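Pasted below: run27.cif, mmCIF, C-alpha atoms and all ligand atoms.
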data_coords
loop_
_atom_site.label_atom_id
_atom_site.label_comp_id
_atom_site.auth_asym_id
_atom_site.auth_seq_id
_atom_site.Cartn_x
_atom_site.Cartn_y
_atom_site.Cartn_z
CA MET U 1 -39.62 -13.30 -8.60
CA SER U 2 -37.49 -14.11 -5.60
CA ASP U 3 -33.74 -14.41 -5.75
CA SER U 4 -33.85 -18.14 -5.17
CA ASN U 5 -35.90 -18.65 -8.33
CA VAL U 6 -33.44 -16.75 -10.40
CA PHE U 7 -30.39 -18.49 -8.91
CA PRO U 8 -31.42 -21.98 -7.90
CA LEU U 9 -29.35 -23.75 -5.31
CA GLY U 10 -25.96 -24.78 -6.52
CA HIS U 11 -25.55 -21.84 -8.85
CA PRO U 12 -23.35 -18.98 -7.82
CA ARG U 13 -25.22 -15.77 -7.11
CA PRO U 14 -23.68 -12.53 -8.12
CA ARG U 15 -22.57 -10.99 -4.87
CA LYS U 16 -23.39 -7.43 -4.08
CA PRO U 17 -20.12 -5.52 -4.37
CA ALA U 18 -18.74 -4.68 -0.94
CA PRO U 19 -18.76 -0.97 -0.19
CA PRO U 20 -15.40 0.70 -0.74
CA LEU U 21 -13.03 0.86 2.22
CA LEU U 22 -12.14 4.40 1.36
CA THR U 23 -13.30 7.15 -0.94
CA ALA U 24 -10.96 9.92 -2.00
CA GLU U 25 -12.94 12.82 -3.31
CA SER U 26 -11.52 15.65 -5.42
CA LEU U 27 -8.21 15.89 -3.58
CA ARG U 28 -6.36 19.06 -4.48
CA TYR U 29 -2.91 20.08 -3.36
CA GLN U 30 -1.12 23.13 -4.64
CA ARG U 31 2.39 24.36 -3.90
CA GLY U 32 4.37 27.15 -5.50
CA GLY U 33 1.60 27.89 -7.96
CA ARG U 34 1.62 24.29 -9.22
CA GLU U 35 -1.32 21.95 -8.92
CA LEU U 36 0.38 18.84 -7.63
CA LEU U 37 -2.95 17.10 -7.16
CA ALA U 38 -5.65 18.45 -9.41
CA GLY U 39 -8.80 16.80 -8.12
CA VAL U 40 -7.91 13.19 -7.41
CA SER U 41 -10.89 10.90 -6.84
CA PHE U 42 -11.06 7.14 -6.46
CA GLU U 43 -12.64 4.41 -4.42
CA LEU U 44 -10.50 1.72 -2.85
CA PRO U 45 -11.99 -1.76 -2.92
CA GLU U 46 -12.34 -3.26 0.53
CA LYS U 47 -9.73 -5.99 0.00
CA GLY U 48 -6.81 -6.89 -2.16
CA ILE U 49 -3.87 -4.97 -3.54
CA THR U 50 -4.36 -1.71 -5.40
CA ALA U 51 -1.31 -0.50 -7.31
CA LEU U 52 -0.85 3.22 -7.73
CA LEU U 53 1.14 3.71 -10.92
CA GLY U 54 2.43 6.78 -12.67
CA PRO U 55 5.61 8.51 -13.73
CA ASN U 56 7.88 10.44 -11.40
CA GLY U 57 6.20 13.47 -9.94
CA ALA U 58 2.69 12.24 -10.75
CA GLY U 59 1.60 12.78 -7.15
CA LYS U 60 1.66 9.19 -5.89
CA SER U 61 3.55 9.83 -2.65
CA LEU U 62 1.48 12.94 -1.97
CA THR U 63 -1.67 10.89 -2.38
CA LEU U 64 -0.43 8.26 0.07
CA ARG U 65 0.54 10.92 2.60
CA ILE U 66 -2.93 12.40 2.40
CA LEU U 67 -4.55 8.97 2.85
CA MET U 68 -2.29 8.38 5.84
CA GLY U 69 -3.35 11.71 7.33
CA LEU U 70 0.21 13.06 7.32
CA ILE U 71 -0.78 16.11 5.28
CA PRO U 72 -4.17 17.70 4.77
CA PRO U 73 -5.30 18.38 1.18
CA ASP U 74 -6.08 22.00 0.26
CA SER U 75 -9.54 20.77 -0.61
CA GLY U 76 -11.37 17.52 -1.08
CA GLN U 77 -11.66 14.75 1.43
CA VAL U 78 -10.93 11.18 2.33
CA GLY U 79 -13.90 9.24 3.67
CA PHE U 80 -13.64 5.81 5.26
CA HIS U 81 -16.19 3.04 5.41
CA SER U 82 -18.14 3.32 8.64
CA GLY U 83 -16.66 0.08 10.02
CA PHE U 84 -13.07 1.16 9.39
CA SER U 85 -10.86 0.81 12.44
CA GLY U 86 -8.61 3.76 11.61
CA ARG U 87 -5.54 1.53 11.77
CA ILE U 88 -3.26 2.51 8.88
CA GLY U 89 0.35 1.43 8.42
CA MET U 90 2.95 2.75 6.02
CA VAL U 91 6.24 1.49 4.62
CA PHE U 92 8.48 3.99 2.84
CA GLN U 93 11.09 3.56 0.15
CA GLN U 94 13.86 4.00 2.70
CA PRO U 95 13.19 2.41 6.07
CA VAL U 96 13.68 4.52 9.17
CA LEU U 97 14.93 2.09 11.79
CA LEU U 98 16.12 2.64 15.32
CA ARG U 99 19.80 2.15 16.10
CA ARG U 100 18.96 -1.04 17.99
CA SER U 101 18.54 -4.73 17.32
CA VAL U 102 15.79 -6.08 15.09
CA ARG U 103 14.03 -7.46 18.16
CA ALA U 104 14.31 -4.13 20.00
CA ASN U 105 12.84 -2.29 17.01
CA LEU U 106 9.78 -4.53 17.13
CA ASP U 107 9.58 -4.37 20.90
CA HIS U 108 9.64 -0.58 20.75
CA ALA U 109 6.83 -0.52 18.19
CA LEU U 110 4.75 -2.92 20.28
CA ARG U 111 5.30 -0.78 23.37
CA ILE U 112 4.10 2.27 21.46
CA ALA U 113 1.05 0.26 20.38
CA ARG U 114 0.46 -0.30 24.13
CA ILE U 115 0.90 -4.06 23.96
CA PRO U 116 1.69 -5.30 27.47
CA ARG U 117 5.18 -6.67 28.02
CA ARG U 118 3.97 -10.23 28.69
CA ASP U 119 2.40 -10.42 25.20
CA ARG U 120 5.26 -8.85 23.35
CA THR U 121 7.72 -11.77 23.24
CA GLY U 122 5.27 -14.07 21.50
CA MET U 123 4.18 -11.40 19.07
CA ILE U 124 7.76 -10.56 18.20
CA ALA U 125 8.47 -14.24 17.52
CA GLU U 126 5.47 -14.40 15.17
CA LEU U 127 6.46 -11.23 13.33
CA LEU U 128 10.04 -12.48 12.96
CA VAL U 129 8.83 -15.72 11.40
CA MET U 130 6.40 -13.96 9.09
CA ALA U 131 9.07 -11.52 7.87
CA ASN U 132 11.71 -14.26 7.75
CA LEU U 133 14.00 -12.39 10.13
CA THR U 134 14.39 -14.88 12.96
CA HIS U 135 18.00 -15.57 11.97
CA CYS U 136 18.98 -11.95 12.53
CA ALA U 137 16.74 -10.99 15.46
CA GLU U 138 19.66 -9.92 17.65
CA ASN U 139 21.55 -8.07 14.90
CA ALA U 140 21.63 -4.31 14.69
CA ALA U 141 18.73 -3.26 12.45
CA ARG U 142 20.92 -0.90 10.48
CA SER U 143 23.42 -3.66 9.70
CA LEU U 144 20.82 -5.70 7.82
CA SER U 145 20.67 -6.02 4.06
CA GLY U 146 18.30 -3.70 2.24
CA GLY U 147 15.76 -6.47 1.79
CA GLU U 148 15.87 -7.45 5.46
CA GLN U 149 15.47 -3.82 6.48
CA GLN U 150 12.36 -3.46 4.33
CA ARG U 151 10.88 -6.66 5.75
CA LEU U 152 11.58 -5.30 9.22
CA ALA U 153 9.85 -2.04 8.26
CA MET U 154 6.89 -4.14 7.12
CA ALA U 155 6.90 -6.22 10.33
CA ARG U 156 6.96 -3.01 12.34
CA ALA U 157 4.02 -1.62 10.37
CA LEU U 158 2.11 -4.85 11.09
CA VAL U 159 2.47 -4.33 14.83
CA ALA U 160 -0.52 -1.99 14.79
CA ASP U 161 -2.59 -4.64 12.94
CA PRO U 162 -3.34 -2.21 10.11
CA GLU U 163 -6.54 -2.58 8.18
CA LEU U 164 -5.00 -0.41 5.47
CA LEU U 165 -1.33 -0.68 4.57
CA LEU U 166 0.33 1.90 2.33
CA LEU U 167 3.58 0.88 0.62
CA ASP U 168 5.54 3.62 -1.13
CA GLU U 169 7.96 2.05 -3.61
CA PRO U 170 9.10 -0.43 -0.98
CA THR U 171 11.34 -2.45 -3.31
CA SER U 172 12.83 0.22 -5.54
CA SER U 173 16.28 -0.16 -4.03
CA LEU U 174 16.22 -3.94 -3.68
CA ASP U 175 17.71 -6.64 -5.88
CA PRO U 176 15.43 -9.20 -7.56
CA ALA U 177 15.75 -11.83 -4.81
CA ALA U 178 15.00 -9.34 -2.04
CA THR U 179 12.16 -7.93 -4.12
CA ALA U 180 10.64 -11.40 -4.51
CA ALA U 181 10.87 -11.98 -0.74
CA PHE U 182 9.15 -8.65 -0.04
CA GLU U 183 6.45 -9.45 -2.60
CA ASP U 184 5.77 -12.81 -0.92
CA LEU U 185 5.41 -11.03 2.41
CA THR U 186 3.07 -8.48 0.82
CA LEU U 187 0.86 -11.23 -0.62
CA GLU U 188 0.75 -12.95 2.76
CA VAL U 189 -0.31 -9.75 4.50
CA ALA U 190 -3.02 -9.17 1.88
CA ALA U 191 -4.21 -12.77 2.23
CA LYS U 192 -4.64 -12.18 5.96
CA GLY U 193 -7.09 -9.44 5.13
CA ALA U 194 -5.25 -6.12 5.14
CA LYS U 195 -6.07 -3.78 2.28
CA ILE U 196 -2.88 -2.73 0.53
CA VAL U 197 -2.07 0.26 -1.64
CA LEU U 198 1.24 -0.23 -3.39
CA VAL U 199 3.04 2.57 -5.16
CA THR U 200 5.48 1.06 -7.59
CA HIS U 201 7.52 1.92 -10.63
CA ASP U 202 7.84 -1.71 -11.51
CA LEU U 203 5.17 -2.74 -14.00
CA HIS U 204 6.14 -6.39 -13.60
CA GLN U 205 5.57 -6.07 -9.88
CA ALA U 206 2.18 -4.49 -10.47
CA ARG U 207 1.28 -7.38 -12.79
CA ARG U 208 2.41 -9.90 -10.18
CA LEU U 209 0.66 -8.35 -7.22
CA ALA U 210 -2.14 -5.97 -8.09
CA ASP U 211 -5.85 -6.66 -8.30
CA ASP U 212 -6.61 -3.18 -9.59
CA ILE U 213 -4.59 -0.29 -10.94
CA ILE U 214 -4.95 3.43 -10.40
CA PHE U 215 -2.94 5.31 -13.01
CA LEU U 216 -1.98 8.80 -11.95
CA HIS U 217 -0.36 11.40 -14.18
CA ARG U 218 0.28 15.07 -13.41
CA GLY U 219 -1.95 15.01 -10.37
CA ARG U 220 -4.92 13.40 -12.10
CA VAL U 221 -6.38 9.89 -12.19
CA TYR U 222 -6.44 8.74 -15.81
CA GLU U 223 -7.62 5.20 -15.19
CA HIS U 224 -8.80 2.96 -12.41
CA ARG U 225 -9.50 -0.56 -13.62
CA THR U 226 -8.80 -4.16 -12.81
CA ALA U 227 -5.17 -5.08 -13.36
CA SER U 228 -6.03 -7.51 -16.16
CA ALA U 229 -8.09 -4.89 -18.01
CA PHE U 230 -5.39 -2.28 -17.51
CA PHE U 231 -2.55 -4.46 -18.76
CA ASN U 232 -4.53 -5.96 -21.63
CA ALA U 233 -5.30 -2.59 -23.10
CA PRO U 234 -4.78 0.67 -21.27
CA GLU U 235 -7.49 3.10 -22.32
CA SER U 236 -5.77 6.43 -22.15
CA ALA U 237 -2.93 7.44 -24.42
CA GLU U 238 -0.99 8.41 -21.28
CA ALA U 239 -1.29 4.98 -19.68
CA LYS U 240 -0.37 3.33 -22.98
CA ALA U 241 2.71 5.49 -23.22
CA TYR U 242 3.58 4.71 -19.62
CA CYS U 243 3.28 0.96 -20.19
CA THR U 244 5.55 1.10 -23.21
CA GLY U 245 8.11 3.17 -21.36
CA THR U 246 7.70 6.37 -23.33
CA LEU U 247 5.97 8.51 -20.72
CA LEU U 248 8.59 9.62 -18.27
CA THR U 249 7.19 12.62 -16.38
N1 LIG U 301 5.73 19.87 -0.10
C1 LIG U 301 5.94 20.06 -1.40
N2 LIG U 301 6.18 21.30 -1.88
C2 LIG U 301 6.37 21.49 -3.19
N3 LIG U 301 6.37 20.52 -4.10
C3 LIG U 301 6.16 19.28 -3.69
C4 LIG U 301 5.93 18.97 -2.32
N4 LIG U 301 5.74 17.65 -2.22
C5 LIG U 301 5.84 17.16 -3.46
N5 LIG U 301 6.09 18.13 -4.36
C6 LIG U 301 6.16 17.97 -5.82
O1 LIG U 301 4.92 17.41 -6.21
C7 LIG U 301 5.04 16.53 -7.28
C8 LIG U 301 4.45 15.20 -6.92
O2 LIG U 301 5.22 14.63 -5.88
P1 LIG U 301 5.15 13.13 -5.43
O3 LIG U 301 3.80 12.83 -4.91
O4 LIG U 301 6.29 12.93 -4.50
O5 LIG U 301 5.39 12.36 -6.79
P2 LIG U 301 5.55 10.79 -7.06
O6 LIG U 301 4.42 10.42 -7.95
O7 LIG U 301 6.87 10.66 -7.79
O8 LIG U 301 5.56 10.09 -5.75
C9 LIG U 301 6.53 16.46 -7.59
O9 LIG U 301 6.75 17.31 -8.69
C10 LIG U 301 7.18 17.01 -6.33
O10 LIG U 301 8.39 17.63 -6.63
MG MG U 302 7.02 9.07 -4.73
#
For this file, write the structure as structure tokens.
Amino acid sequence: MSDSNVFPLGHPRPRKPAPPLLTAESLRYQRGGRELLAGVSFELPEKGITALLGPNGAGKSLTLRILMGLIPPDSGQVGFHSGFSGRIGMVFQQPVLLRRSVRANLDHALRIARIPRRDRTGMIAELLVMANLTHCAENAARSLSGGEQQRLAMARALVADPELLLLDEPTSSLDPAATAAFEDLTLEVAAKGAKIVLVTHDLHQARRLADDIIFLHRGRVYEHRTASAFFNAPESAEAKAYCTGTLLT
């Protein structure tokens, strides 16, 4: 029987799942006799926001650094979908900004991305609007509030038009209003098609933003499920304990 007989016109067809954007396979990383990553494997869905959760020291930042290509794993590998552009951006917990104006920070990043001068002004204007920083474009980047600095770090990461954006606890030092503004920006970036991996300590934030959850503990993946399944009923005792605030390291 052909497909069209099974799903007559007007009825939704189950779509073939898109191939993963990225596959992490048995990542191991050992230092000082400790297995910091003990065989981490997961597949990242092509789109949406994946939250990487886990207590302090679980190996979340290490995992992001390996995905970014900043450090090589001792063994295991990261494979990308064949159509992947290779453009990856990262925003850290503490932004590293140049001692220049907001505009000059973006201009510098665009120059590094080899965007010709004549295109840069318009792109900077767009980035400033998106990150809601137009009002402080001429201010020294380091004089901005914490929330503005993180939105600038995000705008700067967007300069390279990343297909994959890695956010490492980007709001952990922000107040609720600044956190909400950063979350809005994150949702907007995801809606425009970038795949996002968000490391967060904030379970409420993961509930608000994430499509799927990877739960990491002591260098191992305990669960990788949709956010609704994860928050309805975590499967592992470790994830349960984490969600109720009793699993600290
Ligand atoms: N280069 C390193 N050398 C030794 N230990 C490290 C190194 N990088 C991270 N660690 C340790 O590895 C563990 C996992 O680190 P990390 O990925 O930063 O955890 P988190 O989940 O809190 O982001 C921590 O115990 C940390 O102290
Ligand atoms: Mg970390």
message: Measuring between all atoms listed in the file, which one of U:His201, U:Asp161, U:Leu247, U:Arg218 shows the shortest distance to Ile115 in chain U?
response: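 Closest residue, counting all atoms listed in the file: U:Asp161.
Nearest to Ala38 in chain U of all the residues U:Asp184, U:Ala58, U:Met130, U:Asn105 is U:Ala58, counting only C-alpha atoms.
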Check which residues of chain U sit at most 7 Å from ligand LIG 301 (chain U) using all atoms listed in the file, and return one row each with the closest pair of atoms and their distance in Å to one decimal, ordered by chain and rising number, as CSV.
residue,atom,partner,partner_atom,distance
U:Arg31,CA,U:LIG301,C2,5.0
U:Gly32,CA,U:LIG301,C2,6.4
U:Leu36,CA,U:LIG301,O1,5.0
U:Gly54,CA,U:LIG301,O6,6.3
U:Pro55,CA,U:LIG301,O6,6.2
U:Asn56,CA,U:LIG301,O7,3.8
U:Gly57,CA,U:LIG301,O5,3.4
U:Ala58,CA,U:LIG301,O6,3.8
U:Gly59,CA,U:LIG301,O3,3.1
U:Lys60,CA,U:LIG301,O6,3.7
U:Ser61,CA,U:LIG301,O8,3.7
U:Leu62,CA,U:LIG301,O3,3.7
U:Thr63,CA,U:LIG301,O3,6.3
query: So which one's closest to ligand MG 302 (chain U), U:Ala104, U:Ala178, U:Ala190, U:Val199? Using only C-alpha atoms and all ligand atoms, please.
result: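 For ligand MG 302 (chain U), the nearest of the given residues is U:Val199.
Residue nearest Leu248 in chain U within the list U:Pro45, U:Val189, U:Phe84, U:His217: U:His217 [criterion: smallest interatomic distance, all atoms listed in the file].
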message: Residues within 12 Å of Ala229 in chain U, please, as a VMD selection string. Count all atoms listed in the file; anything in the same chain fewer than 4 positions from it doesn't count.
response: chain U and resid 207 210 to 214 223 to 225 233 to 235
query: Nearest to Glu188 in chain U among U:Glu148, U:Leu158, U:Gly39, U:Pro95, with distances taken over all atoms listed in the file: which residue is it?
result: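 Among U:Glu148, U:Leu158, U:Gly39, U:Pro95, it is U:Leu158 that comes nearest to Glu188 in chain U.
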